[in-house]
Amino acid sequence: MAEYTIKVRRFQPESGEGPYWEEFGVDLEPSLSVLDALLQAKDRDDGSLAVRCSCRAAICGSCGMKINGQSTLGCKTQIGEAQEQADKMLSATGATADVAESPIRGVGEGIMGTESGPDIETAPLEVDGAAPIVIEPMGNMPVVKDLVTDMESTHWKKIRRVTPWLLPHGAPPEREYVVEPESMIDITQSMACIQCGACVSSCLSMEADPEFIGPAALAKAYRFVGDPRDAETVERLTDLAHDPHGIYDCTHCFSCVDACPKGVAPMDQIMRLRRKAGEEGIHDPNSGHDHEIAFVKIIEKKGTLDESLLLQESFAPGVIGKLKPTKRAIREMLGSLPTAFRGIKTGKMRSLPKLIPGVHHKLPGGAQDEVKAIYEHAEAHNEEFNLYIKGEEGDLVDEPDVEKGAERSTSPENPEAK
Amino acid sequence: MPTHDVLVIGAGLAGQRAALAAAEEGVSVGIISKVHPVRSHSNAAQGGINAALNPDDTWESHAFDTVKGSDYLGDQDAIEVMAREAPEEILEMEHLGVTFHRNEEGRLGTRAFGGASAARTYYVADITGQAIMHVLYEQLMKYSEQVARYEEWFCTSLAMDEAGECCGVVTRNIADGSMELFQAKAVILACGGNGQVWKPTTNALICTGDGIAMAYRVGAKLMDMEMIQYHPTTLAGKGFLITEGARGEGAHLLNKNGERFMEKYAPNKMELASRDVVSRAEQTEINEGRGFPDGTVALDITVVPKKRVHEALREIVLVGRDFAGVDITREPIHIKPGNHYTMGGVKTDVEGRTDIPGLYAAGETACVSVHGGNRLGANSLLDTLIFGRHSGVDAAKRAKRIEGSKPSKKVLEEEEAMIADINSREKGSGRRVSEIKLELGQTMDKYVAVFRDEAGIQQALETVRRLKEEAQSAYIDDHGAVFNQDLVAAIELGYMIDNAECTCIAALERKESRGAQYRTDFPERNDEEWLKHIDLERTDDGPELSYSEVTITQWQPEARTY
């Protein structure tokens with residue numbers, strides 16, 4: 001048994017008050033979960049503490065929440081580990097996760113804590129003793145009560161957006177559909193999704209664009225796109241590529257891969273959707289696919305990103321170094337100018353000369369060759385792997401020195417995820 | 001008043017299958033669940049689903065294995081229906097999109113499972129229940145015009161008309177606390193089992209026997225309530241499940257001396273004997289001092305090739321790592337028998353009909369009885385789909401046939417008064433709901449578990465009756481309307497206590513050892529006196545006992561060895 005302090009971001013909608021922090025003392029084995037801690041507080045101290053939960057074993061997907069700022073499942077996070085993490089954060093930054101909180105939205109309201117309620121007070125830092133374990137409701141979702149969020153409006157609506165059911169053509173065969181065994185194992189990775197919303201909660205693209213279809217729904221979409229029994233692959237891909245909030249709205253930040261408690265690696269599924277869209281020759285209005293290819297090629301050639309080439313290469317591929325833009329590229333490039341200027345103004349692009357073709361700096365020493373070697377290695381190992389086929393990194397190798405790799409649950413090798 | 005032809009309570013596999021089947025018959029359907037449907041406990045079914053689909057296999061073989069597994073208490077007419085219709089149902093699920101494992105030819109592939117004479121378990125890695133349930137939910141989304149979903153609505157009572165037929169339910173919308181009386185021509189209870197009556201259990205927190213208790217309270221008969229399965233491989237402490245698929249893939253059970261002890265108890269089937277047999281073997285090893293100090297034996301999965309473990313037992317790798325700190329591909333994991341499944345439940349026929357017109361039950365809530373004294377692994381998913389579908393179809397037929405009657409507002413008022421009463425109890429006036437629940441669970445796990453005797457069961461029954469009294473004055477903290485889980489827990493506690501009382505009464509009554517009921521004071525099976533079901537009916541003085549015959553078609557009881 002050990003004693004812990006959990007600090008919960010609470011919101012009681014009927015109280016008329018805004019959100020507030022409340023600390024609970026709990027004592028339990030370090031191997032028990034943060035959900036166990038919450039249930040102990042609920043059972044012993046305050047039955048009104050609301051948290052969805054059911055299986056306690058990371059299969060029902062009810063208890064998505066943020067623990068020390070990280071989106072995850074309460075039942076899957078050991079309290080001892082959460083404590084270590086909180087302590088580490090405090091010693092590294094001098095603050096716990098409750099300081100840098102994002103505003104929470106209430107159902108049918110504006111942003112609470114900024115618009116419709118007072119800012120919640122931040123407790124003074126604990127100087128001596130352990131840092132409290134900070135527990136908050138999931139992000140990118142309105143809060144209903146305490147840790148309970150409204151998943152319908154932010155999660156399920158988007159799941160339904162991707163036509164989440166199999167669309168085979170014609171009558172089913174007399175017996176089963178005969179398909180490649182690997183194809184079923186491949187989509188089993190996205191079938192492993194338990195719809196907990198942790199990826200949605202962590203998604204930075206969705207924070208910027210609430211309309212983004214998002215990691216969970218796109219992973220669900222791959223479950224059909226990758227299913228050989230589904231007959232509407234091209235229609236699905238076209239739809240998702242053309243939607244401005246679709247597959248090209250993902251910014252590759254890996255947050256969802258880190259947050260996912262089931263190794264679904266939603267971002268990898270999004271990358272698979274993109275690759276398949278490219279293979280099908282689907283040209284979306286935003287040139288998302290060509291942009292991606294341009295990105296890869298420029299870095300292959302130059303070692304770093306030469307922004308001066310990116311736009312023209314995205315809209316008129318194949319002319320690296322030679323300025324020969326198409327009409328459409330010119331139109332798009334002109335349209336992109338405000339973004340470019342904003343980038344320069346805010347310091348995202350360091351200087352105007354970077355936009356002039358040909359002035360891109362050279363990489364020092366043999367760095368350029370190293371980049372090329374990485375490309376060659378990746379292309380030589382261009383095989384599709386996921387957790388169900390390959391296991392975790394290093395799992396199939398028995399040398400003890402690869403054990404480190406097994407610590408990360410969500411690191412399937414995917415050459416697309418560059 | 002929201003009105004549907006058919007109302008389904010519970011949205012796990014049985015409920016969702018029933019709803020889809022009823023909708024296909026062209027009636028209006030509502031499905032009510034206290035959690036979002038994909039949170040339902042069918043998720044936890046890891047290993048697979050049985051069907052004699054392989055041309056070398058026969059439904060008779062599947063049926064016989066099930067009869068033998070049930071220790072001859074299963075009704076053979078129902079078992080025949082289940083085994084015969086299983087292949088068609090698997091194909092139906094495959095066509096809807098379930099990503100079943102394929103063999104090298106790209107056809108459905110199988111794995112071995114306990115108590116089965118052929119490898120007939122179809123599976124999706126070790127997330128079979130989850131995979132099927134999410135596919136059914138896809139179908140519910142597809143047919144949202146035909147099936148109205150009430151997600152996070154909690155049922156507090158069934159509504160009966162003057163003729164004694166079931167005509168609706170009283171519910172509470174958990175999101176806002178509003179109470180609603182639903183009208184229906186048929187109500188299907190598919191609320192799962194009662195595992196939370198025991199602690200620890202593999203069951204989710206939501207498995208509180210709601211359907212069984214609601215049916216019991218309106219006078220439906222319960223059956224085989226003494227038959228509670230203890231699964232052979234659960235983690236000590238929290239009771240998490242390690243799939244039987246692990247043993248199906250070849251894992252060994254070892255005692256602390258490293259002996260493969262199943263040689264003594266089931267020399268032919270070894271680790272793949274029926275669950276009751278394996279659980280008793282483990283408990284015997286533990287009781288006789290050959291277990292580990294934490295009251296466990298070991299499950300050794302390291303003998304299964306690593307690639308196969310990752311492909312077929314992925315979830316168990318995660319459970320071992322996250323909840324036991326063990327890498328199952330490198331070392332054995334400590335396990336013990338733990339509460340897992342309710343074989344008994346609301347007595348129904350093969351169409352899911354209870355003895356109350358208009359009231360149906362399916363899945364773990366129901367007792368058809370296909371599992372009898374012991375359920376075979378991978379038969380529970382099958383049970384939910386087959387009898388979920390039967391209930392849905394028959395309920396729809398009834399709905400087309402009858403006029404239906406409007407439930408009286410009185411039942412709604414009664415439920416509102418019940419809730420007002422709970423809310424009126426002052427803090428400290430009685431015990432906390434959570435305390436009573438804990439004592440109930442520990443009591444049942446101590447006395448009504450793998451080995452039972454009269455004194456122990458009697459002790460449990462007395463405790464349960466005291467807790468029933470105490471529950472009358474138990475208080476809660478939350479008096480609000482929005483997402484009041486405290487109130488829901490107080491009502492669930494009442495359901496759980498009714499379940500516990502019935503199990504104790506039936507376990508006391510059955511003076512023999514059969515399937516999951518092992519009485520140390522009556523260690524033999526006694527077909528002469530006890531080849532019969534124990535039925536229970538509610539009276540004001542507690543459950544009233546009666547008996548019903550076991551249906552035997554072609555398999556006469558014989559000695560059961562594995």
# chains A, B, ... in the order shown; residues from 1 in each chain; ligands from 1
>>> closest_atom_pairs(of="chain B", to="chain A", cutoff="6 Å", atoms="only C-alpha atoms", output="Markdown table")
| residue | atom | partner | partner_atom | distance |
| --- | --- | --- | --- | --- |
| B:Arg39 | CA | A:Cys60 | CA | 4.5 |
| B:Leu91 | CA | A:Glu176 | CA | 5.9 |
| B:Gly97 | CA | A:Leu166 | CA | 5.9 |
| B:Thr99 | CA | A:Met184 | CA | 5.6 |
| B:Arg102 | CA | A:Pro181 | CA | 4.8 |
| B:Gly106 | CA | A:Val179 | CA | 4.8 |
| B:Arg107 | CA | A:Val178 | CA | 5.3 |
| B:Glu138 | CA | A:Trp165 | CA | 5.2 |
| B:Ala204 | CA | A:Cys55 | CA | 4.0 |
| B:Leu205 | CA | A:Ser54 | CA | 4.7 |
| B:Ile206 | CA | A:Ser54 | CA | 5.8 |
| B:His310 | CA | A:Gly391 | CA | 5.4 |
| B:Glu311 | CA | A:Tyr388 | CA | 4.9 |
| B:Ser434 | CA | A:Asp43 | CA | 5.6 |
| B:Asp477 | CA | A:Gly47 | CA | 5.1 |
| B:Asp478 | CA | A:Ser48 | CA | 4.6 |
| B:Asp486 | CA | A:Gly47 | CA | 5.5 |
>>> write_last_selection(atoms="N, CA and C atoms", output="PDB file, in the first residue's frame")
ATOM      1  N   ARG B  39     -19.544  -0.334 -25.174  1.00  0.00           N
ATOM      2  CA  ARG B  39     -18.922  -0.544 -23.855  1.00  0.00           C
ATOM      3  C   ARG B  39     -19.415  -1.841 -23.221  1.00  0.00           C
ATOM      4  N   LEU B  91     -21.374 -17.538 -40.712  1.00  0.00           N
ATOM      5  CA  LEU B  91     -21.270 -17.012 -42.075  1.00  0.00           C
ATOM      6  C   LEU B  91     -21.970 -15.661 -42.180  1.00  0.00           C
ATOM      7  N   GLY B  97     -19.145  -8.451 -42.022  1.00  0.00           N
ATOM      8  CA  GLY B  97     -17.862  -7.752 -41.944  1.00  0.00           C
ATOM      9  C   GLY B  97     -16.916  -8.174 -40.839  1.00  0.00           C
ATOM     10  N   THR B  99     -13.929  -9.686 -39.076  1.00  0.00           N
ATOM     11  CA  THR B  99     -12.626  -9.993 -39.685  1.00  0.00           C
ATOM     12  C   THR B  99     -12.062 -11.295 -39.118  1.00  0.00           C
ATOM     13  N   ARG B 102      -8.190 -16.162 -41.015  1.00  0.00           N
ATOM     14  CA  ARG B 102      -8.233 -17.022 -42.206  1.00  0.00           C
ATOM     15  C   ARG B 102      -7.099 -18.026 -42.163  1.00  0.00           C
ATOM     16  N   GLY B 106      -7.177 -18.816 -47.267  1.00  0.00           N
ATOM     17  CA  GLY B 106      -8.028 -17.637 -47.216  1.00  0.00           C
ATOM     18  C   GLY B 106      -9.433 -17.940 -46.727  1.00  0.00           C
ATOM     19  N   ARG B 107      -9.640 -19.168 -46.265  1.00  0.00           N
ATOM     20  CA  ARG B 107     -10.953 -19.527 -45.706  1.00  0.00           C
ATOM     21  C   ARG B 107     -10.917 -19.369 -44.186  1.00  0.00           C
ATOM     22  N   GLU B 138     -21.913  -1.384 -36.092  1.00  0.00           N
ATOM     23  CA  GLU B 138     -21.879  -0.783 -37.435  1.00  0.00           C
ATOM     24  C   GLU B 138     -23.238  -0.952 -38.106  1.00  0.00           C
ATOM     25  N   ALA B 204     -17.250  -7.054 -16.006  1.00  0.00           N
ATOM     26  CA  ALA B 204     -17.188  -5.598 -15.926  1.00  0.00           C
ATOM     27  C   ALA B 204     -18.066  -5.086 -14.789  1.00  0.00           C
ATOM     28  N   LEU B 205     -17.843  -3.835 -14.419  1.00  0.00           N
ATOM     29  CA  LEU B 205     -18.597  -3.225 -13.320  1.00  0.00           C
ATOM     30  C   LEU B 205     -20.093  -3.144 -13.625  1.00  0.00           C
ATOM     31  N   ILE B 206     -20.442  -3.202 -14.916  1.00  0.00           N
ATOM     32  CA  ILE B 206     -21.856  -3.068 -15.284  1.00  0.00           C
ATOM     33  C   ILE B 206     -22.639  -4.376 -15.159  1.00  0.00           C
ATOM     34  N   HIS B 310       1.825 -13.319 -30.833  1.00  0.00           N
ATOM     35  CA  HIS B 310       1.529 -11.947 -31.258  1.00  0.00           C
ATOM     36  C   HIS B 310       0.359 -11.877 -32.210  1.00  0.00           C
ATOM     37  N   GLU B 311       0.220 -12.897 -33.012  1.00  0.00           N
ATOM     38  CA  GLU B 311      -0.850 -12.890 -33.998  1.00  0.00           C
ATOM     39  C   GLU B 311      -2.180 -13.243 -33.340  1.00  0.00           C
ATOM     40  N   SER B 434     -21.371   1.410  -1.477  1.00  0.00           N
ATOM     41  CA  SER B 434     -20.128   0.735  -1.876  1.00  0.00           C
ATOM     42  C   SER B 434     -19.664  -0.275  -0.834  1.00  0.00           C
ATOM     43  N   ASP B 477     -24.308   9.991  -1.980  1.00  0.00           N
ATOM     44  CA  ASP B 477     -23.847  11.385  -1.858  1.00  0.00           C
ATOM     45  C   ASP B 477     -24.462  12.294  -2.911  1.00  0.00           C
ATOM     46  N   ASP B 478     -24.691  11.732  -4.086  1.00  0.00           N
ATOM     47  CA  ASP B 478     -25.087  12.550  -5.234  1.00  0.00           C
ATOM     48  C   ASP B 478     -26.612  12.598  -5.318  1.00  0.00           C
ATOM     49  N   ASP B 486     -24.141   7.502  -8.712  1.00  0.00           N
ATOM     50  CA  ASP B 486     -24.353   7.063  -7.334  1.00  0.00           C
ATOM     51  C   ASP B 486     -25.734   6.420  -7.195  1.00  0.00           C
TER      52      ASP B 486
END
>>> select_by_dssp(residues="stretch 169-241 of chain B", states="helix (DSSP H, G or I)", output="VMD selection string")
chain B and resid 195 to 197 210 to 217
>>> write_last_selection(atoms="all heavy atoms", output="PDB file, in the first residue's frame")
ATOM      1  N   GLY B 195     -21.937 -11.136 -12.695  1.00  0.00           N
ATOM      2  CA  GLY B 195     -20.603 -11.362 -12.127  1.00  0.00           C
ATOM      3  C   GLY B 195     -20.210 -10.423 -11.006  1.00  0.00           C
ATOM      4  O   GLY B 195     -19.449 -10.796 -10.115  1.00  0.00           O
ATOM      5  N   GLN B 196     -20.741  -9.202 -10.998  1.00  0.00           N
ATOM      6  CA  GLN B 196     -20.364  -8.238  -9.956  1.00  0.00           C
ATOM      7  C   GLN B 196     -20.857  -8.647  -8.573  1.00  0.00           C
ATOM      8  O   GLN B 196     -20.460  -8.053  -7.569  1.00  0.00           O
ATOM      9  CB  GLN B 196     -20.876  -6.838 -10.313  1.00  0.00           C
ATOM     10  CG  GLN B 196     -19.990  -6.121 -11.323  1.00  0.00           C
ATOM     11  CD  GLN B 196     -18.605  -5.804 -10.767  1.00  0.00           C
ATOM     12  OE1 GLN B 196     -18.445  -5.380  -9.627  1.00  0.00           O
ATOM     13  NE2 GLN B 196     -17.590  -6.036 -11.573  1.00  0.00           N
ATOM     14  N   VAL B 197     -21.733  -9.667  -8.519  1.00  0.00           N
ATOM     15  CA  VAL B 197     -22.174 -10.170  -7.215  1.00  0.00           C
ATOM     16  C   VAL B 197     -20.989 -10.831  -6.497  1.00  0.00           C
ATOM     17  O   VAL B 197     -20.995 -10.971  -5.284  1.00  0.00           O
ATOM     18  CB  VAL B 197     -23.355 -11.151  -7.411  1.00  0.00           C
ATOM     19  CG1 VAL B 197     -23.735 -11.840  -6.118  1.00  0.00           C
ATOM     20  CG2 VAL B 197     -24.550 -10.411  -8.019  1.00  0.00           C
ATOM     21  N   ASP B 210     -29.024  -7.024 -13.772  1.00  0.00           N
ATOM     22  CA  ASP B 210     -30.231  -6.186 -13.860  1.00  0.00           C
ATOM     23  C   ASP B 210     -31.414  -6.929 -14.489  1.00  0.00           C
ATOM     24  O   ASP B 210     -32.535  -6.895 -13.970  1.00  0.00           O
ATOM     25  CB  ASP B 210     -29.970  -4.926 -14.709  1.00  0.00           C
ATOM     26  CG  ASP B 210     -28.801  -4.090 -14.197  1.00  0.00           C
ATOM     27  OD1 ASP B 210     -28.109  -4.550 -13.263  1.00  0.00           O
ATOM     28  OD2 ASP B 210     -28.590  -2.994 -14.736  1.00  0.00           O
ATOM     29  N   GLY B 211     -31.153  -7.596 -15.606  1.00  0.00           N
ATOM     30  CA  GLY B 211     -32.234  -8.251 -16.331  1.00  0.00           C
ATOM     31  C   GLY B 211     -32.830  -9.399 -15.537  1.00  0.00           C
ATOM     32  O   GLY B 211     -34.058  -9.579 -15.483  1.00  0.00           O
ATOM     33  N   ILE B 212     -31.945 -10.173 -14.918  1.00  0.00           N
ATOM     34  CA  ILE B 212     -32.404 -11.315 -14.122  1.00  0.00           C
ATOM     35  C   ILE B 212     -33.294 -10.806 -12.989  1.00  0.00           C
ATOM     36  O   ILE B 212     -34.384 -11.327 -12.747  1.00  0.00           O
ATOM     37  CB  ILE B 212     -31.189 -12.102 -13.572  1.00  0.00           C
ATOM     38  CG1 ILE B 212     -30.387 -12.718 -14.736  1.00  0.00           C
ATOM     39  CG2 ILE B 212     -31.638 -13.169 -12.587  1.00  0.00           C
ATOM     40  CD1 ILE B 212     -29.062 -13.364 -14.343  1.00  0.00           C
ATOM     41  N   ALA B 213     -32.847  -9.764 -12.316  1.00  0.00           N
ATOM     42  CA  ALA B 213     -33.619  -9.243 -11.174  1.00  0.00           C
ATOM     43  C   ALA B 213     -34.932  -8.602 -11.626  1.00  0.00           C
ATOM     44  O   ALA B 213     -35.979  -8.803 -10.999  1.00  0.00           O
ATOM     45  CB  ALA B 213     -32.774  -8.235 -10.399  1.00  0.00           C
ATOM     46  N   MET B 214     -34.899  -7.856 -12.720  1.00  0.00           N
ATOM     47  CA  MET B 214     -36.144  -7.202 -13.166  1.00  0.00           C
ATOM     48  C   MET B 214     -37.196  -8.242 -13.545  1.00  0.00           C
ATOM     49  O   MET B 214     -38.375  -8.084 -13.227  1.00  0.00           O
ATOM     50  CB  MET B 214     -35.862  -6.283 -14.369  1.00  0.00           C
ATOM     51  CG  MET B 214     -35.350  -4.921 -13.969  1.00  0.00           C
ATOM     52  SD  MET B 214     -35.301  -3.763 -15.357  1.00  0.00           S
ATOM     53  CE  MET B 214     -33.837  -4.277 -16.211  1.00  0.00           C
ATOM     54  N   ALA B 215     -36.762  -9.315 -14.212  1.00  0.00           N
ATOM     55  CA  ALA B 215     -37.703 -10.372 -14.599  1.00  0.00           C
ATOM     56  C   ALA B 215     -38.251 -11.072 -13.358  1.00  0.00           C
ATOM     57  O   ALA B 215     -39.454 -11.323 -13.245  1.00  0.00           O
ATOM     58  CB  ALA B 215     -37.004 -11.377 -15.514  1.00  0.00           C
ATOM     59  N   TYR B 216     -37.348 -11.363 -12.440  1.00  0.00           N
ATOM     60  CA  TYR B 216     -37.720 -12.042 -11.181  1.00  0.00           C
ATOM     61  C   TYR B 216     -38.763 -11.224 -10.420  1.00  0.00           C
ATOM     62  O   TYR B 216     -39.745 -11.746  -9.903  1.00  0.00           O
ATOM     63  CB  TYR B 216     -36.436 -12.210 -10.369  1.00  0.00           C
ATOM     64  CG  TYR B 216     -36.567 -12.751  -8.975  1.00  0.00           C
ATOM     65  CD1 TYR B 216     -36.962 -14.067  -8.755  1.00  0.00           C
ATOM     66  CD2 TYR B 216     -36.248 -11.947  -7.864  1.00  0.00           C
ATOM     67  CE1 TYR B 216     -37.040 -14.573  -7.457  1.00  0.00           C
ATOM     68  CE2 TYR B 216     -36.308 -12.447  -6.577  1.00  0.00           C
ATOM     69  CZ  TYR B 216     -36.724 -13.767  -6.379  1.00  0.00           C
ATOM     70  OH  TYR B 216     -36.792 -14.248  -5.105  1.00  0.00           O
ATOM     71  N   ARG B 217     -38.567  -9.910 -10.405  1.00  0.00           N
ATOM     72  CA  ARG B 217     -39.468  -9.050  -9.626  1.00  0.00           C
ATOM     73  C   ARG B 217     -40.875  -8.993 -10.201  1.00  0.00           C
ATOM     74  O   ARG B 217     -41.814  -8.689  -9.484  1.00  0.00           O
ATOM     75  CB  ARG B 217     -38.880  -7.631  -9.537  1.00  0.00           C
ATOM     76  CG  ARG B 217     -37.660  -7.589  -8.626  1.00  0.00           C
ATOM     77  CD  ARG B 217     -37.018  -6.213  -8.609  1.00  0.00           C
ATOM     78  NE  ARG B 217     -35.796  -6.231  -7.809  1.00  0.00           N
ATOM     79  CZ  ARG B 217     -35.060  -5.154  -7.584  1.00  0.00           C
ATOM     80  NH1 ARG B 217     -35.416  -3.974  -8.079  1.00  0.00           N
ATOM     81  NH2 ARG B 217     -33.971  -5.242  -6.848  1.00  0.00           N
TER      82      ARG B 217
END
>>> residues_around(residues="B:Gly430", least_positions_apart="6", cutoff="10 Å", atoms="only C-alpha atoms", output="ChimeraX atom specification")
/B:470-476
>>> residues_around(residues="A:Val200", least_positions_apart="4", cutoff="7 Å", atoms="only C-alpha atoms", output="short mmCIF file (atom, residue, chain, number, x, y, z; two decimals) with C-alpha atoms, in the first residue's frame")
data_model
loop_
_atom_site.label_atom_id
_atom_site.label_comp_id
_atom_site.auth_asym_id
_atom_site.auth_seq_id
_atom_site.Cartn_x
_atom_site.Cartn_y
_atom_site.Cartn_z
CA ASN A 140 -11.42 18.32 -27.78
CA GLY A 214 -9.92 12.86 -36.80
CA PRO A 215 -7.76 9.87 -35.92
CA ALA A 216 -10.43 7.48 -34.60
#
>>> residues_around(residues="B:Pro2", least_positions_apart="6", cutoff="8 Å", atoms="only C-alpha atoms", output="number ranges by chain")
B: 180-183
>>> closest_residue(among="B:Ala51, B:Ile174, B:Met343, B:Ala118", to="B:Met82", atoms="only C-alpha atoms")
B:Ala51
>>> atom_distance(atom1="atom CA of B:Arg330", atom2="atom CA of A:Val257")
25.8 Å
>>> closest_atom_pairs(of="stretch 341-445 of chain B", to="stretch 501-511 of chain B", cutoff="10 Å", atoms="only C-alpha atoms", output="tab-separated table")
residue	atom	partner	partner_atom	distance
B:Thr342	CA	B:Thr503	CA	10.0
B:Gly344	CA	B:Thr503	CA	8.9
B:Gly345	CA	B:Thr503	CA	9.8
B:Met444	CA	B:Cys504	CA	8.7
>>> write_last_selection(atoms="C-alpha atoms", output="compact mmCIF listing (two decimals), in the first residue's frame")
# COMPACT_ATOMS: atom_id res chain seq x y z
CA THR B 342 -23.82 -16.98 -15.07
CA GLY B 344 -28.49 -19.75 -14.95
CA GLY B 345 -30.85 -16.88 -15.48
CA MET B 444 -20.13 -14.83 -2.24
>>> select_by_dssp(residues="stretch 328-497 of chain B", states="strand (DSSP E or B)", output="NGL selection string")
:B and (333-342 or 345-347 or 353 or 359-361 or 366-367 or 432 or 452 or 475)
>>> closest_residue(among="A:Cys199, A:Ile299, A:Ile67, A:Ile330", to="A:Met267", atoms="only C-alpha atoms")
A:Cys199
>>> closest_residue(among="B:Asn54, B:Ser274, B:Thr302, B:Asn257", to="B:Asn374", atoms="only C-alpha atoms")
B:Ser274
